[in-house]
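For reference, final.cif is printed below; it contains mmCIF, C-alpha atoms.
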data_model
loop_
_atom_site.label_atom_id
_atom_site.label_comp_id
_atom_site.auth_asym_id
_atom_site.auth_seq_id
_atom_site.Cartn_x
_atom_site.Cartn_y
_atom_site.Cartn_z
CA PRO C 14 26.60 125.01 110.43
CA ILE C 15 26.60 126.60 113.89
CA TRP C 16 29.30 125.51 116.30
CA LEU C 17 29.05 126.72 119.89
CA SER C 18 32.14 127.81 121.78
CA ILE C 19 32.77 125.97 125.05
CA ASP C 20 35.16 128.14 127.02
CA GLY C 21 34.55 127.44 130.70
CA ILE C 22 37.50 128.31 132.92
CA GLY C 23 37.06 124.96 134.64
CA THR C 24 35.71 121.55 133.64
CA ARG C 25 32.54 121.83 135.73
CA GLU C 26 31.59 125.09 134.02
CA ALA C 27 32.42 123.64 130.60
CA VAL C 28 30.24 120.60 131.28
CA SER C 29 27.33 122.94 132.11
CA GLN C 30 27.87 124.73 128.82
CA VAL C 31 27.85 121.41 126.96
CA ALA C 32 24.60 120.36 128.66
CA TRP C 33 23.04 123.64 127.49
CA ALA C 34 24.44 123.19 123.97
CA ASN C 35 22.95 119.70 123.72
CA LYS C 36 19.46 121.25 123.90
CA LEU C 37 20.06 123.86 121.20
CA GLY C 38 20.47 121.70 118.13
CA VAL C 39 23.88 123.13 117.22
CA SER C 40 26.13 121.36 114.73
CA GLY C 41 29.14 120.91 117.00
CA LEU C 42 31.25 122.28 119.84
CA LEU C 43 34.42 124.33 119.66
CA ILE C 44 36.50 123.56 122.74
CA THR C 45 38.82 126.32 123.93
CA PRO C 46 41.50 125.26 126.44
CA PRO C 47 40.74 126.80 129.84
CA ALA C 48 42.31 130.23 130.21
CA PHE C 49 44.11 131.24 133.43
CA CYS C 50 43.38 127.82 135.01
CA LYS C 51 46.82 126.42 134.15
CA CYS C 52 47.09 122.64 134.29
CA THR C 53 49.10 119.68 133.03
CA SER C 54 48.60 117.77 129.80
CA LEU C 55 46.89 115.11 131.91
CA GLY C 56 44.46 117.72 133.23
CA LEU C 57 43.65 118.90 129.70
CA LEU C 58 43.22 115.31 128.53
CA GLU C 59 40.77 114.59 131.36
CA HIS C 60 38.97 117.87 130.58
CA VAL C 61 38.41 116.85 126.94
CA LYS C 62 37.44 113.28 127.83
CA LYS C 63 34.84 114.58 130.26
CA LEU C 64 33.30 116.81 127.59
CA VAL C 65 33.28 113.94 125.07
CA HIS C 66 31.38 111.86 127.63
CA GLU C 67 28.71 114.57 127.99
CA THR C 68 27.69 114.88 124.32
CA THR C 69 27.21 113.11 121.01
CA LEU C 70 28.04 116.30 119.09
CA PRO C 71 31.30 116.50 117.13
CA LEU C 72 34.10 118.38 118.88
CA MET C 73 36.76 120.69 117.52
CA LEU C 74 39.67 121.87 119.65
CA TYR C 75 40.36 125.59 119.30
CA ASN C 76 44.09 126.33 119.33
CA ALA C 77 44.11 130.04 120.21
CA PRO C 78 47.44 130.86 121.90
CA SER C 79 46.90 134.62 121.59
CA ARG C 80 43.70 134.22 123.62
CA VAL C 81 44.69 131.74 126.32
CA GLY C 82 48.49 131.97 126.41
CA TYR C 83 49.37 128.41 125.39
CA VAL C 84 48.73 125.81 122.69
CA TRP C 85 46.92 122.50 122.90
CA PRO C 86 49.69 120.04 123.79
CA LEU C 87 50.41 117.71 120.90
CA ASP C 88 50.30 114.67 123.14
CA VAL C 89 46.73 115.57 124.17
CA VAL C 90 45.69 116.03 120.53
CA GLU C 91 47.22 112.67 119.68
CA MET C 92 45.45 110.90 122.55
CA VAL C 93 41.98 112.20 121.59
CA SER C 94 42.40 112.00 117.82
CA HIS C 95 40.85 108.53 117.67
CA LEU C 96 37.60 110.16 118.83
CA GLY C 97 37.30 112.06 115.56
CA ILE C 98 38.16 115.39 117.18
CA THR C 99 39.47 118.04 114.77
CA VAL C 100 41.45 121.25 115.42
CA LYS C 101 40.92 124.88 114.50
CA ASP C 102 44.44 126.34 114.48
CA ALA C 103 44.54 130.11 114.98
CA GLY C 104 48.23 130.19 115.81
CA LYS C 105 51.23 131.36 113.80
CA ASP C 106 53.62 128.45 114.38
CA LEU C 107 53.50 126.44 111.15
CA THR C 108 55.79 123.75 112.57
CA TYR C 109 53.18 123.17 115.26
CA THR C 110 50.50 123.07 112.53
CA LYS C 111 52.45 120.41 110.60
CA ASN C 112 52.66 118.33 113.76
CA LEU C 113 48.91 118.67 114.32
CA GLN C 114 48.34 117.25 110.85
CA ARG C 115 50.02 114.01 111.92
CA PHE C 116 47.10 113.30 114.24
CA THR C 117 43.93 114.94 112.95
CA THR C 118 42.18 117.18 110.42
CA VAL C 119 43.26 120.80 110.82
CA TYR C 120 41.18 123.85 109.93
CA CYS C 121 42.74 127.23 109.22
CA GLY C 122 41.76 129.62 111.99
CA ASN C 123 43.97 132.55 111.02
CA GLU C 124 43.28 133.95 107.56
CA CYS C 125 46.26 136.27 107.70
CA PHE C 126 48.27 133.03 107.34
CA ALA C 127 45.78 131.34 105.01
CA GLN C 128 48.22 130.95 102.12
CA HIS C 129 50.68 129.17 104.41
CA PHE C 130 47.93 126.82 105.57
CA VAL C 131 47.01 126.07 101.95
CA GLN C 132 50.67 125.29 101.21
CA LEU C 133 50.45 122.66 103.95
CA GLY C 134 47.49 121.10 102.15
CA ILE C 135 44.84 122.53 104.45
CA ASP C 136 41.72 123.40 102.48
CA LYS C 137 39.26 123.97 105.33
CA CYS C 138 38.69 127.07 107.46
CA VAL C 139 36.76 128.31 110.46
CA SER C 140 36.58 131.79 109.10
CA VAL C 141 36.30 135.38 110.24
CA VAL C 142 36.26 136.77 106.70
CA ALA C 143 33.44 134.44 105.64
CA ASN C 144 31.05 136.23 107.98
CA ALA C 145 31.10 139.05 105.43
CA TYR C 146 32.41 137.30 102.30
CA PRO C 147 31.47 133.60 102.39
CA GLN C 148 31.75 132.96 98.64
CA LEU C 149 35.11 134.73 98.38
CA THR C 150 36.44 132.65 101.27
CA LYS C 151 35.17 129.39 99.79
CA GLU C 152 36.75 130.19 96.44
CA PHE C 153 40.04 131.04 98.14
CA PHE C 154 40.25 127.58 99.68
CA ASP C 155 39.05 126.04 96.42
CA GLY C 156 41.96 127.77 94.66
CA ALA C 157 39.54 129.55 92.33
CA LEU C 158 40.30 133.25 92.93
CA THR C 159 41.50 135.66 90.28
CA LYS C 160 44.50 137.83 91.08
CA LYS C 161 42.17 140.74 91.87
CA GLN C 162 39.98 138.61 94.14
CA MET C 163 43.06 137.25 95.90
CA ALA C 164 44.21 140.80 96.66
CA LEU C 165 40.75 141.60 98.07
CA PHE C 166 40.73 138.48 100.26
CA LYS C 167 44.14 139.30 101.70
CA ARG C 168 43.16 142.92 102.31
CA ILE C 169 39.98 141.94 104.16
CA ALA C 170 41.85 139.33 106.19
CA ARG C 171 44.32 141.98 107.33
CA LEU C 172 41.48 144.40 108.07
CA THR C 173 39.75 141.93 110.37
CA MET C 174 42.88 141.99 112.53
CA THR C 175 43.33 145.78 112.52
CA GLU C 176 41.98 145.73 116.07
CA VAL C 177 41.33 142.86 118.44
CA ASN C 178 39.01 140.41 116.67
CA PRO C 179 35.96 140.58 116.39
CA VAL C 180 35.81 144.40 116.57
CA ALA C 181 36.57 145.04 112.89
CA ILE C 182 34.42 142.25 111.41
CA LYS C 183 31.45 143.38 113.50
CA TYR C 184 31.77 146.91 112.13
CA MET C 185 32.02 145.44 108.63
CA LEU C 186 28.82 143.45 109.17
CA TYR C 187 27.10 146.60 110.41
CA LYS C 188 28.11 148.44 107.25
CA LEU C 189 26.85 145.52 105.13
CA GLY C 190 23.44 145.72 106.85
CA VAL C 191 23.71 142.46 108.77
CA PHE C 192 23.58 144.33 112.10
CA ALA C 193 21.23 147.24 112.77
CA SER C 194 23.73 148.93 115.08
CA ALA C 195 27.50 149.31 115.38
CA GLU C 196 27.24 149.08 119.17
CA LEU C 197 28.95 146.08 120.78
CA ARG C 198 28.50 144.48 124.18
CA LEU C 199 31.21 145.29 126.70
CA PRO C 200 34.05 144.59 127.08
CA LEU C 201 34.09 144.88 123.27
CA THR C 202 34.13 148.47 122.07
CA GLN C 203 33.31 149.94 118.69
CA ALA C 204 35.93 150.06 115.97
CA SER C 205 38.19 153.09 116.04
CA LYS C 206 37.69 155.83 113.48
CA ARG C 207 40.81 154.65 111.65
CA THR C 208 39.46 151.10 111.36
CA GLN C 209 36.07 152.41 110.26
CA ASN C 210 37.69 154.50 107.53
CA LEU C 211 39.75 151.55 106.26
CA ILE C 212 36.67 149.33 106.11
CA ASP C 213 34.51 152.04 104.53
CA GLU C 214 37.14 152.36 101.82
CA VAL C 215 37.02 148.64 101.01
CA LEU C 216 33.23 148.53 101.01
CA ALA C 217 32.81 151.66 98.91
#

If you took the structure in this file and wrote it as structure tokens, what would it be?
Amino acid sequence: PIWLSIDGIGTREAVSQVAWANKLGVSGLLITPPAFCKCTSLGLLEHVKKLVHETTLPLMLYNAPSRVGYVWPLDVVEMVSHLGITVKDAGKDLTYTKNLQRFTTVYCGNECFAQHFVQLGIDKCVSVVANAYPQLTKEFFDGALTKKQMALFKRIARLTMTEVNPVAIKYMLYKLGVFASAELRLPLTQASKRTQNLIDEVLA
């Protein structure tokens, strides 16, 4: 499934992105809270409601505090949960994650904390690692990994965060032959030599 990120800094821009997405045949929309444009819970609620009104596609809220500087307020999640909206949680606050689970289905969005998510009963993931190792990732969340495979999954998860994501995973995909070039579009830059060496070692 292909989910398109909706990350407009304001609601008008986000609505334009949704209108474009509606024509593409994507599976769903991943809604990032507006960065820099700080607002109240009411503003975020109205933002989400407006996007819901503009599409019949399923929506997933993207909790990415390291990207935007704040979390989706729990009261907003609660108020839109009846619409079937789910949450990708890429944070590190497991108490917050537990509270999210009171209102909606939560997907792991931070594989460095994947074992903690599993301990909370979360068996779904919007994955970085799966771009390179889809079967390994699936088997992790199915609880079907051997001890050796578990060590590999954890190592790759850490590697993907060696530099700002998605720098490392893009280099990994280049080395696996998915991309023809290691060049990235600015402002992303190529993986450092250290990161390249660490990934080359794993893929050897």

Q. From the list C:Cys121, C:Val215, C:Val131, C:Ala145, which residue is nearest Ala164 of chain C when using all atoms listed in the file?
A.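 So, comparing all the options, the nearest one is C:Val215.
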
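Residues surrounding Asn144 of chain C within 8 Å are Ser140, Val141, Pro147, Ile182 and Leu186 of chain C [all atoms listed in the file; sequence separation below 3 positions excluded].
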
So that I have them on file, write out the residues from the current selection with C-alpha atoms, as a PDB file, in the coordinates of the input.
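Everything below was put into selection01.pdb:
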ATOM      1  CA  SER C 140      36.580 131.790 109.100  1.00  0.00           C
ATOM      2  CA  VAL C 141      36.300 135.380 110.240  1.00  0.00           C
ATOM      3  CA  PRO C 147      31.470 133.600 102.390  1.00  0.00           C
ATOM      4  CA  ILE C 182      34.420 142.250 111.410  1.00  0.00           C
ATOM      5  CA  LEU C 186      28.820 143.450 109.170  1.00  0.00           C
TER       6      LEU C 186
END

(Q) With the PyMOL selection byres ((chain C and resi 19) around 7) as the selection, what would be picked from this file? Answer as a list in words, please. (A)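 With the PyMOL selection byres ((chain C and resi 19) around 7) on this model, the match is Leu17, Ser18, Asp20, Gly21, Ala27, Gln30, Val31, Leu42, Leu43, Ile44 and Thr45 of chain C.
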
**Q.** Output check: residues returned by the PyMOL selection byres ((chain C and resi 77-81) around 12), as a count of residues only
**A.** 33

Q) Any chance you could work out the residue set of the PyMOL selection byres ((chain C and resi 174) around 12) here, as a ChimeraX atom specification? A) /C:123-126,141-142,167-173,175-183,204,208,211-212

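Interatomic distance, atom CA of Met163 of chain C against atom CA of Gln114 of chain C: 25.5 Å.
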
Q: Between C:Leu57, C:Tyr184, C:Ala217, C:Thr69, single out the one closest to Gln203 of chain C, counting all atoms listed in the file.
A: C:Tyr184

**Q.** Minimum-distance residue to Leu64 of chain C, chosen among C:Ala34, C:Val89, C:Thr24, C:Val39 (using all atoms listed in the file)
**A.**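 Going through C:Ala34, C:Val89, C:Thr24, C:Val39 one by one, the smallest distance to Leu64 of chain C is for C:Thr24.
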
Q. When distances are computed from all atoms listed in the file, which of C:Phe166, C:Tyr187, C:Trp16, C:Phe116 shows the smallest separation from Pro71 of chain C?
A.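 The closest residue to Pro71 of chain C is C:Trp16.
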
Q: Go through C:Leu87, C:Met73, C:Val119, C:Met185 and flag the residue nearest Leu55 of chain C, using all atoms listed in the file for the distances.
A: C:Leu87

Q: Figure out the distance between atom CA of Tyr120 of chain C and atom CA of Ala143 of chain C, please, to one decimal in Å.
A: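 These atoms are spaced 13.8 Å apart.
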
Q. Of the residues C:Leu199, C:Ser94, C:Ser205, C:Leu216, which is the one nearest to Tyr146 of chain C, using only C-alpha atoms?
A. C:Leu216

Q | Å distance separating atom CA of Glu91 of chain C from atom CA of Gly23 of chain C, one decimal place | A |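 Computing the Euclidean distance for atom CA of Glu91 of chain C and atom CA of Gly23 of chain C yields 21.9 Å.
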